[in-house]
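To be precise, the following lines are target_34.csv, and they hold CSV, N, CA and C atoms.
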chain,number,residue,atom,x,y,z
B,1,MET,N,0.8,-1.2,0.0
B,1,MET,CA,0.0,0.0,0.0
B,1,MET,C,0.9,1.2,0.0
B,2,ILE,N,1.9,1.3,0.8
B,2,ILE,CA,2.8,2.4,0.8
B,2,ILE,C,3.4,2.7,-0.6
B,3,VAL,N,3.8,1.6,-1.3
B,3,VAL,CA,4.3,1.8,-2.6
B,3,VAL,C,3.3,2.4,-3.5
B,4,ASP,N,2.1,1.9,-3.4
B,4,ASP,CA,1.0,2.5,-4.3
B,4,ASP,C,0.8,4.0,-4.0
B,5,TRP,N,0.8,4.3,-2.7
B,5,TRP,CA,0.7,5.7,-2.4
B,5,TRP,C,1.8,6.6,-2.9
B,6,ILE,N,3.0,6.1,-2.7
B,6,ILE,CA,4.2,6.8,-3.2
B,6,ILE,C,4.1,7.0,-4.7
B,7,GLN,N,3.7,5.9,-5.5
B,7,GLN,CA,3.6,6.0,-6.9
B,7,GLN,C,2.6,7.1,-7.3
B,8,GLU,N,1.5,7.1,-6.5
B,8,GLU,CA,0.4,8.1,-6.9
B,8,GLU,C,0.9,9.5,-6.7
B,9,HIS,N,1.8,9.8,-5.8
B,9,HIS,CA,2.2,11.2,-5.6
B,9,HIS,C,3.5,11.4,-6.2
B,10,THR,N,3.9,10.7,-7.2
B,10,THR,CA,5.1,11.0,-8.1
B,10,THR,C,4.6,11.3,-9.5
B,11,SER,N,3.4,11.9,-9.6
B,11,SER,CA,2.8,12.3,-10.9
B,11,SER,C,2.4,11.2,-11.8
B,12,HIS,N,2.3,10.0,-11.3
B,12,HIS,CA,1.8,8.9,-12.1
B,12,HIS,C,0.3,8.8,-12.1
B,13,GLY,N,-0.4,9.5,-11.2
B,13,GLY,CA,-1.8,9.5,-11.1
B,13,GLY,C,-2.3,8.2,-10.4
B,14,ALA,N,-3.6,8.0,-10.5
B,14,ALA,CA,-4.1,6.8,-9.8
B,14,ALA,C,-3.8,5.5,-10.4
B,15,SER,N,-3.1,4.7,-9.7
B,15,SER,CA,-2.7,3.3,-10.2
B,15,SER,C,-2.4,2.4,-9.0
B,16,ASN,N,-2.4,1.2,-9.3
B,16,ASN,CA,-1.9,0.2,-8.3
B,16,ASN,C,-2.8,0.1,-7.0
B,17,GLY,N,-4.0,0.7,-7.1
B,17,GLY,CA,-4.9,0.5,-6.0
B,17,GLY,C,-4.8,1.5,-4.8
B,18,GLY,N,-3.8,2.4,-4.8
B,18,GLY,CA,-3.7,3.3,-3.6
B,18,GLY,C,-4.9,4.1,-3.3
B,19,THR,N,-5.6,4.6,-4.4
B,19,THR,CA,-6.8,5.4,-4.1
B,19,THR,C,-7.9,4.6,-3.5
B,20,GLN,N,-7.8,3.3,-3.5
B,20,GLN,CA,-8.8,2.4,-3.0
B,20,GLN,C,-8.3,1.9,-1.6
B,21,ARG,N,-7.1,1.5,-1.5
B,21,ARG,CA,-6.6,1.0,-0.2
B,21,ARG,C,-6.4,2.0,0.9
B,22,LEU,N,-5.8,3.1,0.6
B,22,LEU,CA,-5.5,4.1,1.6
B,22,LEU,C,-6.8,4.6,2.3
B,23,PRO,N,-7.9,5.0,1.6
B,23,PRO,CA,-9.1,5.4,2.3
B,23,PRO,C,-9.7,4.3,3.2
B,24,ARG,N,-9.5,3.0,2.8
B,24,ARG,CA,-10.0,1.9,3.7
B,24,ARG,C,-9.1,1.8,4.9
B,25,ALA,N,-7.9,2.2,4.8
B,25,ALA,CA,-7.0,2.1,6.0
B,25,ALA,C,-7.1,3.3,6.9
B,26,ILE,N,-7.2,4.5,6.4
B,26,ILE,CA,-7.2,5.7,7.3
B,26,ILE,C,-8.4,6.6,7.1
B,27,GLY,N,-9.3,6.2,6.3
B,27,GLY,CA,-10.5,7.1,6.1
B,27,GLY,C,-10.4,8.0,4.9
B,28,MET,N,-11.5,8.3,4.3
B,28,MET,CA,-11.5,9.0,3.0
B,28,MET,C,-10.9,10.4,3.1
B,29,SER,N,-11.3,11.1,4.1
B,29,SER,CA,-10.9,12.5,4.2
B,29,SER,C,-9.3,12.6,4.3
B,30,LEU,N,-8.7,11.9,5.2
B,30,LEU,CA,-7.3,11.9,5.4
B,30,LEU,C,-6.6,11.4,4.2
B,31,ALA,N,-7.1,10.3,3.6
B,31,ALA,CA,-6.5,9.7,2.3
B,31,ALA,C,-6.5,10.8,1.2
B,32,LYS,N,-7.6,11.5,1.1
B,32,LYS,CA,-7.6,12.6,0.0
B,32,LYS,C,-6.6,13.6,0.3
B,33,GLU,N,-6.5,14.0,1.6
B,33,GLU,CA,-5.5,15.0,2.0
B,33,GLU,C,-4.1,14.6,1.6
B,34,LEU,N,-3.8,13.3,1.9
B,34,LEU,CA,-2.4,12.8,1.7
B,34,LEU,C,-2.1,12.6,0.2
B,35,ILE,N,-3.1,12.1,-0.5
B,35,ILE,CA,-2.9,11.9,-1.9
B,35,ILE,C,-2.8,13.2,-2.7
B,36,PHE,N,-3.8,14.1,-2.4
B,36,PHE,CA,-3.8,15.4,-3.1
B,36,PHE,C,-2.6,16.2,-2.8
B,37,SER,N,-2.1,16.2,-1.6
B,37,SER,CA,-0.9,17.0,-1.2
B,37,SER,C,0.4,16.4,-1.5
B,38,ALA,N,0.4,15.1,-1.8
B,38,ALA,CA,1.7,14.3,-2.0
B,38,ALA,C,2.6,14.3,-0.8
B,39,ARG,N,1.9,14.5,0.4
B,39,ARG,CA,2.7,14.5,1.6
B,39,ARG,C,3.2,13.1,2.0
B,40,VAL,N,4.5,13.1,2.4
B,40,VAL,CA,5.1,11.9,2.9
B,40,VAL,C,5.1,11.9,4.4
B,41,LEU,N,4.7,10.9,5.0
B,41,LEU,CA,4.6,10.8,6.5
B,41,LEU,C,5.9,10.1,7.0
B,42,ASP,N,6.4,10.7,8.2
B,42,ASP,CA,7.4,9.9,8.9
B,42,ASP,C,6.8,8.8,9.7
B,43,GLY,N,7.6,8.0,10.3
B,43,GLY,CA,7.1,6.9,11.1
B,43,GLY,C,6.1,7.2,12.1
B,44,GLN,N,6.4,8.3,12.9
B,44,GLN,CA,5.5,8.6,14.0
B,44,GLN,C,4.1,9.1,13.4
B,45,ALA,N,4.1,9.9,12.4
B,45,ALA,CA,2.9,10.3,11.8
B,45,ALA,C,2.1,9.2,11.2
B,46,ALA,N,2.8,8.2,10.5
B,46,ALA,CA,2.2,7.1,9.9
B,46,ALA,C,1.5,6.2,11.0
B,47,LYS,N,2.2,6.1,12.1
B,47,LYS,CA,1.6,5.3,13.3
B,47,LYS,C,0.4,6.1,13.8
B,48,ALA,N,0.5,7.4,13.9
B,48,ALA,CA,-0.6,8.2,14.5
B,48,ALA,C,-1.9,8.0,13.6
B,49,VAL,N,-1.8,7.9,12.3
B,49,VAL,CA,-3.0,7.8,11.5
B,49,VAL,C,-3.4,6.3,11.2
B,50,GLY,N,-2.6,5.4,11.8
B,50,GLY,CA,-3.0,4.0,11.7
B,50,GLY,C,-2.4,3.2,10.5
B,51,LEU,N,-1.5,3.8,9.8
B,51,LEU,CA,-0.9,3.1,8.6
B,51,LEU,C,0.1,2.0,9.0
B,52,ILE,N,0.7,2.2,10.2
B,52,ILE,CA,1.6,1.2,10.7
B,52,ILE,C,1.3,1.0,12.2
B,53,SER,N,1.8,-0.1,12.7
B,53,SER,CA,1.5,-0.5,14.1
B,53,SER,C,2.6,-0.1,15.1
B,54,HIS,N,3.8,0.0,14.6
B,54,HIS,CA,4.9,0.2,15.5
B,54,HIS,C,6.0,1.1,14.9
B,55,VAL,N,6.6,1.9,15.7
B,55,VAL,CA,7.7,2.7,15.3
B,55,VAL,C,8.8,2.4,16.3
B,56,LEU,N,10.0,2.0,15.7
B,56,LEU,CA,11.1,1.5,16.6
B,56,LEU,C,12.3,2.3,16.3
B,57,GLU,N,13.1,2.5,17.4
B,57,GLU,CA,14.4,3.0,17.2
B,57,GLU,C,15.3,1.8,16.9
B,58,GLN,N,16.2,2.0,15.9
B,58,GLN,CA,17.1,0.9,15.6
B,58,GLN,C,18.1,0.6,16.7
B,59,ASN,N,18.3,-0.6,17.0
B,59,ASN,CA,19.2,-1.0,18.0
B,59,ASN,C,20.7,-1.2,17.5
B,60,GLN,N,21.6,-1.5,18.4
B,60,GLN,CA,23.0,-1.6,18.0
B,60,GLN,C,23.2,-2.7,17.0
B,61,GLU,N,22.5,-3.8,17.1
B,61,GLU,CA,22.6,-4.9,16.2
B,61,GLU,C,22.0,-4.7,14.8
B,62,GLY,N,21.1,-3.7,14.7
B,62,GLY,CA,20.4,-3.4,13.5
B,62,GLY,C,19.3,-4.3,13.2
B,63,ASP,N,18.7,-4.9,14.2
B,63,ASP,CA,17.6,-5.9,14.0
B,63,ASP,C,16.4,-5.6,14.9
B,64,ALA,N,16.2,-4.3,15.1
B,64,ALA,CA,15.0,-3.9,16.0
B,64,ALA,C,13.7,-4.4,15.4
B,65,ALA,N,13.5,-4.3,14.2
B,65,ALA,CA,12.2,-4.7,13.6
B,65,ALA,C,12.1,-6.3,13.7
B,66,TYR,N,13.2,-7.0,13.4
B,66,TYR,CA,13.2,-8.4,13.5
B,66,TYR,C,12.8,-8.8,15.0
B,67,ARG,N,13.4,-8.2,15.9
B,67,ARG,CA,13.2,-8.5,17.3
B,67,ARG,C,11.7,-8.2,17.7
B,68,LYS,N,11.2,-7.1,17.2
B,68,LYS,CA,9.8,-6.8,17.5
B,68,LYS,C,8.9,-7.8,16.8
B,69,ALA,N,9.2,-8.3,15.6
B,69,ALA,CA,8.4,-9.3,15.0
B,69,ALA,C,8.4,-10.6,15.8
B,70,LEU,N,9.6,-11.0,16.4
B,70,LEU,CA,9.7,-12.2,17.2
B,70,LEU,C,8.8,-12.0,18.5
B,71,ASP,N,8.9,-10.8,19.1
B,71,ASP,CA,8.0,-10.6,20.3
B,71,ASP,C,6.6,-10.7,19.9
B,72,LEU,N,6.1,-10.2,18.8
B,72,LEU,CA,4.7,-10.4,18.4
B,72,LEU,C,4.4,-11.8,18.2
B,73,ALA,N,5.3,-12.5,17.5
B,73,ALA,CA,5.1,-14.0,17.2
B,73,ALA,C,4.9,-14.7,18.6
B,74,ARG,N,5.8,-14.4,19.5
B,74,ARG,CA,5.7,-15.1,20.9
B,74,ARG,C,4.3,-14.7,21.5
B,75,GLU,N,3.8,-13.6,21.3
B,75,GLU,CA,2.5,-13.2,21.9
B,75,GLU,C,1.4,-13.9,21.2
B,76,PHE,N,1.5,-14.1,19.9
B,76,PHE,CA,0.5,-14.8,19.1
B,76,PHE,C,0.5,-16.3,19.3
B,77,LEU,N,1.7,-16.9,19.6
B,77,LEU,CA,1.9,-18.3,19.6
B,77,LEU,C,1.0,-19.1,20.6
B,78,PRO,N,0.7,-18.6,21.8
B,78,PRO,CA,-0.2,-19.3,22.7
B,78,PRO,C,-1.7,-19.4,22.2
B,79,GLN,N,-2.0,-18.6,21.3
B,79,GLN,CA,-3.4,-18.5,20.9
B,79,GLN,C,-3.8,-19.8,20.1
B,80,GLY,N,-5.0,-20.2,20.1
B,80,GLY,CA,-5.5,-21.3,19.3
B,80,GLY,C,-5.2,-21.2,17.8
B,81,PRO,N,-4.5,-22.1,17.2
B,81,PRO,CA,-4.2,-22.0,15.8
B,81,PRO,C,-5.5,-22.0,14.9
B,82,VAL,N,-6.5,-22.8,15.3
B,82,VAL,CA,-7.7,-22.8,14.5
B,82,VAL,C,-8.4,-21.5,14.5
B,83,ALA,N,-8.5,-20.9,15.7
B,83,ALA,CA,-9.1,-19.6,15.9
B,83,ALA,C,-8.3,-18.5,15.2
B,84,MET,N,-7.0,-18.6,15.3
B,84,MET,CA,-6.2,-17.6,14.6
B,84,MET,C,-6.4,-17.7,13.1
B,85,ARG,N,-6.5,-18.9,12.5
B,85,ARG,CA,-6.6,-19.1,11.1
B,85,ARG,C,-8.0,-18.5,10.6
B,86,VAL,N,-9.0,-18.8,11.3
B,86,VAL,CA,-10.3,-18.3,10.9
B,86,VAL,C,-10.5,-16.8,11.1
B,87,ALA,N,-9.8,-16.3,12.2
B,87,ALA,CA,-9.8,-14.8,12.4
B,87,ALA,C,-9.1,-14.1,11.3
B,88,LYS,N,-8.0,-14.6,10.9
B,88,LYS,CA,-7.3,-14.0,9.8
B,88,LYS,C,-8.1,-14.0,8.5
B,89,LEU,N,-8.8,-15.2,8.2
B,89,LEU,CA,-9.7,-15.3,7.1
B,89,LEU,C,-10.8,-14.3,7.2
B,90,ALA,N,-11.4,-14.2,8.3
B,90,ALA,CA,-12.6,-13.2,8.5
B,90,ALA,C,-12.1,-11.8,8.3
B,91,ILE,N,-11.0,-11.4,8.8
B,91,ILE,CA,-10.4,-10.1,8.7
B,91,ILE,C,-10.1,-9.8,7.2
B,92,ASN,N,-9.4,-10.7,6.6
B,92,ASN,CA,-9.0,-10.4,5.2
B,92,ASN,C,-10.2,-10.4,4.2
B,93,GLN,N,-11.1,-11.3,4.4
B,93,GLN,CA,-12.2,-11.3,3.5
B,93,GLN,C,-13.2,-10.2,3.8
B,94,GLY,N,-13.4,-10.0,5.1
B,94,GLY,CA,-14.3,-9.0,5.6
B,94,GLY,C,-14.0,-7.6,5.2
B,95,MET,N,-12.7,-7.3,5.0
B,95,MET,CA,-12.3,-5.9,4.6
B,95,MET,C,-12.6,-5.7,3.2
B,96,GLU,N,-12.9,-6.7,2.4
B,96,GLU,CA,-13.2,-6.5,1.0
B,96,GLU,C,-14.6,-6.3,0.7
B,97,VAL,N,-15.5,-6.4,1.7
B,97,VAL,CA,-16.9,-6.3,1.5
B,97,VAL,C,-17.6,-5.3,2.4
B,98,ASP,N,-18.9,-5.1,2.3
B,98,ASP,CA,-19.6,-4.2,3.2
B,98,ASP,C,-19.7,-4.9,4.6
B,99,LEU,N,-20.1,-4.1,5.6
B,99,LEU,CA,-20.1,-4.6,7.0
B,99,LEU,C,-21.1,-5.8,7.2
B,100,VAL,N,-22.3,-5.7,6.6
B,100,VAL,CA,-23.2,-6.8,6.8
B,100,VAL,C,-22.6,-8.1,6.2
B,101,THR,N,-22.0,-8.1,5.1
B,101,THR,CA,-21.4,-9.3,4.5
B,101,THR,C,-20.2,-9.7,5.3
B,102,GLY,N,-19.4,-8.7,5.8
B,102,GLY,CA,-18.3,-9.0,6.7
B,102,GLY,C,-18.7,-9.8,8.0
B,103,LEU,N,-19.8,-9.3,8.5
B,103,LEU,CA,-20.3,-10.0,9.7
B,103,LEU,C,-20.8,-11.4,9.4
B,104,ALA,N,-21.4,-11.6,8.3
B,104,ALA,CA,-21.7,-13.0,7.8
B,104,ALA,C,-20.5,-13.9,7.7
B,105,ILE,N,-19.5,-13.3,7.1
B,105,ILE,CA,-18.2,-14.0,7.0
B,105,ILE,C,-17.7,-14.4,8.3
B,106,GLU,N,-17.7,-13.4,9.3
B,106,GLU,CA,-17.2,-13.7,10.6
B,106,GLU,C,-18.0,-14.8,11.3
B,107,GLU,N,-19.3,-14.8,11.1
B,107,GLU,CA,-20.2,-15.9,11.7
B,107,GLU,C,-19.8,-17.2,11.1
B,108,ALA,N,-19.6,-17.3,9.8
B,108,ALA,CA,-19.3,-18.5,9.1
B,108,ALA,C,-17.9,-19.0,9.6
B,109,CYS,N,-17.0,-18.1,9.8
B,109,CYS,CA,-15.7,-18.5,10.3
B,109,CYS,C,-15.8,-19.0,11.7
B,110,TYR,N,-16.5,-18.3,12.5
B,110,TYR,CA,-16.7,-18.8,13.9
B,110,TYR,C,-17.3,-20.2,13.9
B,111,ALA,N,-18.3,-20.4,13.1
B,111,ALA,CA,-18.9,-21.7,13.0
B,111,ALA,C,-17.9,-22.9,12.8
B,112,GLN,N,-16.9,-22.6,12.1
B,112,GLN,CA,-15.9,-23.6,11.8
B,112,GLN,C,-15.1,-24.0,13.1
B,113,THR,N,-15.1,-23.1,14.1
B,113,THR,CA,-14.4,-23.4,15.3
B,113,THR,C,-15.2,-24.3,16.3
B,114,ILE,N,-16.5,-24.3,16.1
B,114,ILE,CA,-17.4,-24.9,17.1
B,114,ILE,C,-17.1,-26.4,17.3
B,115,PRO,N,-16.9,-27.2,16.2
B,115,PRO,CA,-16.7,-28.6,16.4
B,115,PRO,C,-15.3,-29.0,16.7
B,116,THR,N,-14.4,-28.0,16.9
B,116,THR,CA,-13.0,-28.4,17.1
B,116,THR,C,-12.6,-28.8,18.5
B,117,LYS,N,-11.6,-29.6,18.6
B,117,LYS,CA,-11.0,-30.0,19.9
B,117,LYS,C,-10.4,-28.8,20.6
B,118,ASP,N,-9.8,-27.9,19.8
B,118,ASP,CA,-9.2,-26.7,20.4
B,118,ASP,C,-10.2,-25.8,21.1
B,119,ARG,N,-11.4,-25.7,20.6
B,119,ARG,CA,-12.4,-24.9,21.2
B,119,ARG,C,-12.8,-25.6,22.6
B,120,LEU,N,-13.0,-26.9,22.6
B,120,LEU,CA,-13.3,-27.6,23.8
B,120,LEU,C,-12.1,-27.4,24.8
B,121,GLU,N,-10.9,-27.5,24.3
B,121,GLU,CA,-9.7,-27.3,25.2
B,121,GLU,C,-9.7,-25.9,25.8
B,122,GLY,N,-10.0,-24.9,25.0
B,122,GLY,CA,-10.1,-23.6,25.5
B,122,GLY,C,-11.1,-23.4,26.6
B,123,LEU,N,-12.3,-23.9,26.4
B,123,LEU,CA,-13.3,-23.8,27.4
B,123,LEU,C,-13.0,-24.6,28.7
B,124,LEU,N,-12.4,-25.8,28.5
B,124,LEU,CA,-12.0,-26.6,29.7
B,124,LEU,C,-10.9,-25.9,30.5
B,125,ALA,N,-9.9,-25.3,29.7
B,125,ALA,CA,-8.8,-24.6,30.4
B,125,ALA,C,-9.3,-23.4,31.1
B,126,PHE,N,-10.2,-22.7,30.6
B,126,PHE,CA,-10.8,-21.5,31.3
B,126,PHE,C,-11.5,-22.0,32.5
B,127,LYS,N,-12.3,-23.1,32.5
B,127,LYS,CA,-13.0,-23.6,33.6
B,127,LYS,C,-12.0,-24.0,34.7
B,128,GLU,N,-10.9,-24.7,34.3
B,128,GLU,CA,-9.9,-25.2,35.2
B,128,GLU,C,-8.9,-24.1,35.6
B,129,LYS,N,-9.0,-22.9,35.1
B,129,LYS,CA,-8.1,-21.8,35.4
B,129,LYS,C,-6.7,-22.2,35.1
B,130,ARG,N,-6.4,-22.7,33.9
B,130,ARG,CA,-5.1,-23.1,33.5
B,130,ARG,C,-4.9,-22.6,32.0
B,131,THR,N,-3.6,-22.6,31.6
B,131,THR,CA,-3.3,-22.2,30.2
B,131,THR,C,-3.7,-23.4,29.3
B,132,PRO,N,-4.4,-23.0,28.2
B,132,PRO,CA,-4.8,-24.1,27.2
B,132,PRO,C,-3.7,-24.6,26.5
B,133,ARG,N,-3.8,-25.9,26.1
B,133,ARG,CA,-2.8,-26.6,25.3
B,133,ARG,C,-3.4,-26.9,23.9
B,134,TYR,N,-3.4,-26.0,23.0
B,134,TYR,CA,-4.0,-26.1,21.7
B,134,TYR,C,-3.1,-27.0,20.8
B,135,LYS,N,-3.8,-27.8,19.9
B,135,LYS,CA,-3.1,-28.7,19.0
B,135,LYS,C,-3.4,-28.4,17.6
B,136,GLY,N,-4.3,-27.4,17.3
B,136,GLY,CA,-4.7,-27.1,15.9
B,136,GLY,C,-5.7,-28.1,15.4
B,137,GLU,N,-6.5,-28.7,16.3
B,137,GLU,CA,-7.5,-29.7,15.9
B,137,GLU,C,-8.9,-29.3,16.2

As structure tokens - that is how I would like this structure written.
Amino acid sequence: MIVDWIQEHTSHGASNGGTQRLPRAIGMSLAKELIFSARVLDGQAAKAVGLISHVLEQNQEGDAAYRKALDLAREFLPQGPVAMRVAKLAINQGMEVDLVTGLAIEEACYAQTIPTKDRLEGLLAFKEKRTPRYKGE
């Protein structure tokens, strides 16, 4: 998306989907402002408008982004793999359609988790006040 936006404000006009993706990410008004003005945002400003999730200072080793990605992966890892898979599907497909259709996609995705062993493990672990041991089943 950033590449699309950059291309659009280098006098190439609307191409590569930036005029469609940017408004969905940050809203129509701000997207128009940025595209029409050809303004380039620094990391802090991009984070402030929701274009990126994190702004990091580079560390001595030069791998601050890699380390942040590992931290996020460690945070995601304990979650149920089936639930993560259908949540990703619901988010990705839901963003391409209107809200009512997106909610229907979410419901269909959730229904896929109902018969899984992971769902039962999550409920049991909650009841027993312990960490769930998901297996992706």

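Proximity of B:Lys127, B:Gln112, B:Pro81, B:Gly43 to B:Val55, computed with only N, CA and C atoms, is greatest for B:Gly43.
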
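We find atom C of B:Val97 and atom C of B:Glu33 to be spaced 24.1 Å apart.
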
Next item on the list: Determine which residues of chain B receive a DSSP assignment of alpha helix (DSSP H), computed from the backbone, and state them as a ChimeraX atom specification.
Entry: /B:2-7,18-26,28-37,43-48,64-76,81-94,99-113,117-127

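Rounded to one decimal, atom CA of B:Lys32 and atom CA of B:Leu99 lie 22.4 Å from each other.
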
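Atom CA of B:Val86 sits 9.0 Å away from atom N of B:Glu106.
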
Would you kindly place N, CA, C and O atoms on stretch 103-121 of chain B and return the model as a short mmCIF file (atom, residue, chain, number, x, y, z; two decimals), keeping the file's coordinate frame?
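File produced: part.cif:
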data_model
loop_
_atom_site.label_atom_id
_atom_site.label_comp_id
_atom_site.auth_asym_id
_atom_site.auth_seq_id
_atom_site.Cartn_x
_atom_site.Cartn_y
_atom_site.Cartn_z
N LEU B 103 -19.80 -9.30 8.50
CA LEU B 103 -20.30 -10.00 9.70
C LEU B 103 -20.80 -11.40 9.40
O LEU B 103 -20.60 -12.32 10.25
N ALA B 104 -21.40 -11.60 8.30
CA ALA B 104 -21.70 -13.00 7.80
C ALA B 104 -20.50 -13.90 7.70
O ALA B 104 -20.52 -15.03 8.05
N ILE B 105 -19.50 -13.30 7.10
CA ILE B 105 -18.20 -14.00 7.00
C ILE B 105 -17.70 -14.40 8.30
O ILE B 105 -17.23 -15.53 8.57
N GLU B 106 -17.70 -13.40 9.30
CA GLU B 106 -17.20 -13.70 10.60
C GLU B 106 -18.00 -14.80 11.30
O GLU B 106 -17.44 -15.76 11.88
N GLU B 107 -19.30 -14.80 11.10
CA GLU B 107 -20.20 -15.90 11.70
C GLU B 107 -19.80 -17.20 11.10
O GLU B 107 -19.75 -18.23 11.80
N ALA B 108 -19.60 -17.30 9.80
CA ALA B 108 -19.30 -18.50 9.10
C ALA B 108 -17.90 -19.00 9.60
O ALA B 108 -17.73 -20.24 9.78
N CYS B 109 -17.00 -18.10 9.80
CA CYS B 109 -15.70 -18.50 10.30
C CYS B 109 -15.80 -19.00 11.70
O CYS B 109 -15.17 -20.06 12.03
N TYR B 110 -16.50 -18.30 12.50
CA TYR B 110 -16.70 -18.80 13.90
C TYR B 110 -17.30 -20.20 13.90
O TYR B 110 -16.90 -21.06 14.73
N ALA B 111 -18.30 -20.40 13.10
CA ALA B 111 -18.90 -21.70 13.00
C ALA B 111 -17.90 -22.90 12.80
O ALA B 111 -18.13 -23.99 13.26
N GLN B 112 -16.90 -22.60 12.10
CA GLN B 112 -15.90 -23.60 11.80
C GLN B 112 -15.10 -24.00 13.10
O GLN B 112 -14.52 -25.05 13.12
N THR B 113 -15.10 -23.10 14.10
CA THR B 113 -14.40 -23.40 15.30
C THR B 113 -15.20 -24.30 16.30
O THR B 113 -14.67 -24.91 17.16
N ILE B 114 -16.50 -24.30 16.10
CA ILE B 114 -17.40 -24.90 17.10
C ILE B 114 -17.10 -26.40 17.30
O ILE B 114 -17.00 -26.86 18.41
N PRO B 115 -16.90 -27.20 16.20
CA PRO B 115 -16.70 -28.60 16.40
C PRO B 115 -15.30 -29.00 16.70
O PRO B 115 -14.94 -30.20 16.80
N THR B 116 -14.40 -28.00 16.90
CA THR B 116 -13.00 -28.40 17.10
C THR B 116 -12.60 -28.80 18.50
O THR B 116 -13.19 -28.33 19.48
N LYS B 117 -11.60 -29.60 18.60
CA LYS B 117 -11.00 -30.00 19.90
C LYS B 117 -10.40 -28.80 20.60
O LYS B 117 -10.43 -28.68 21.81
N ASP B 118 -9.80 -27.90 19.80
CA ASP B 118 -9.20 -26.70 20.40
C ASP B 118 -10.20 -25.80 21.10
O ASP B 118 -9.92 -25.30 22.17
N ARG B 119 -11.40 -25.70 20.60
CA ARG B 119 -12.40 -24.90 21.20
C ARG B 119 -12.80 -25.60 22.60
O ARG B 119 -12.88 -24.86 23.58
N LEU B 120 -13.00 -26.90 22.60
CA LEU B 120 -13.30 -27.60 23.80
C LEU B 120 -12.10 -27.40 24.80
O LEU B 120 -12.35 -27.22 26.03
N GLU B 121 -10.90 -27.50 24.30
CA GLU B 121 -9.70 -27.30 25.20
C GLU B 121 -9.70 -25.90 25.80
O GLU B 121 -9.41 -25.76 26.99
#
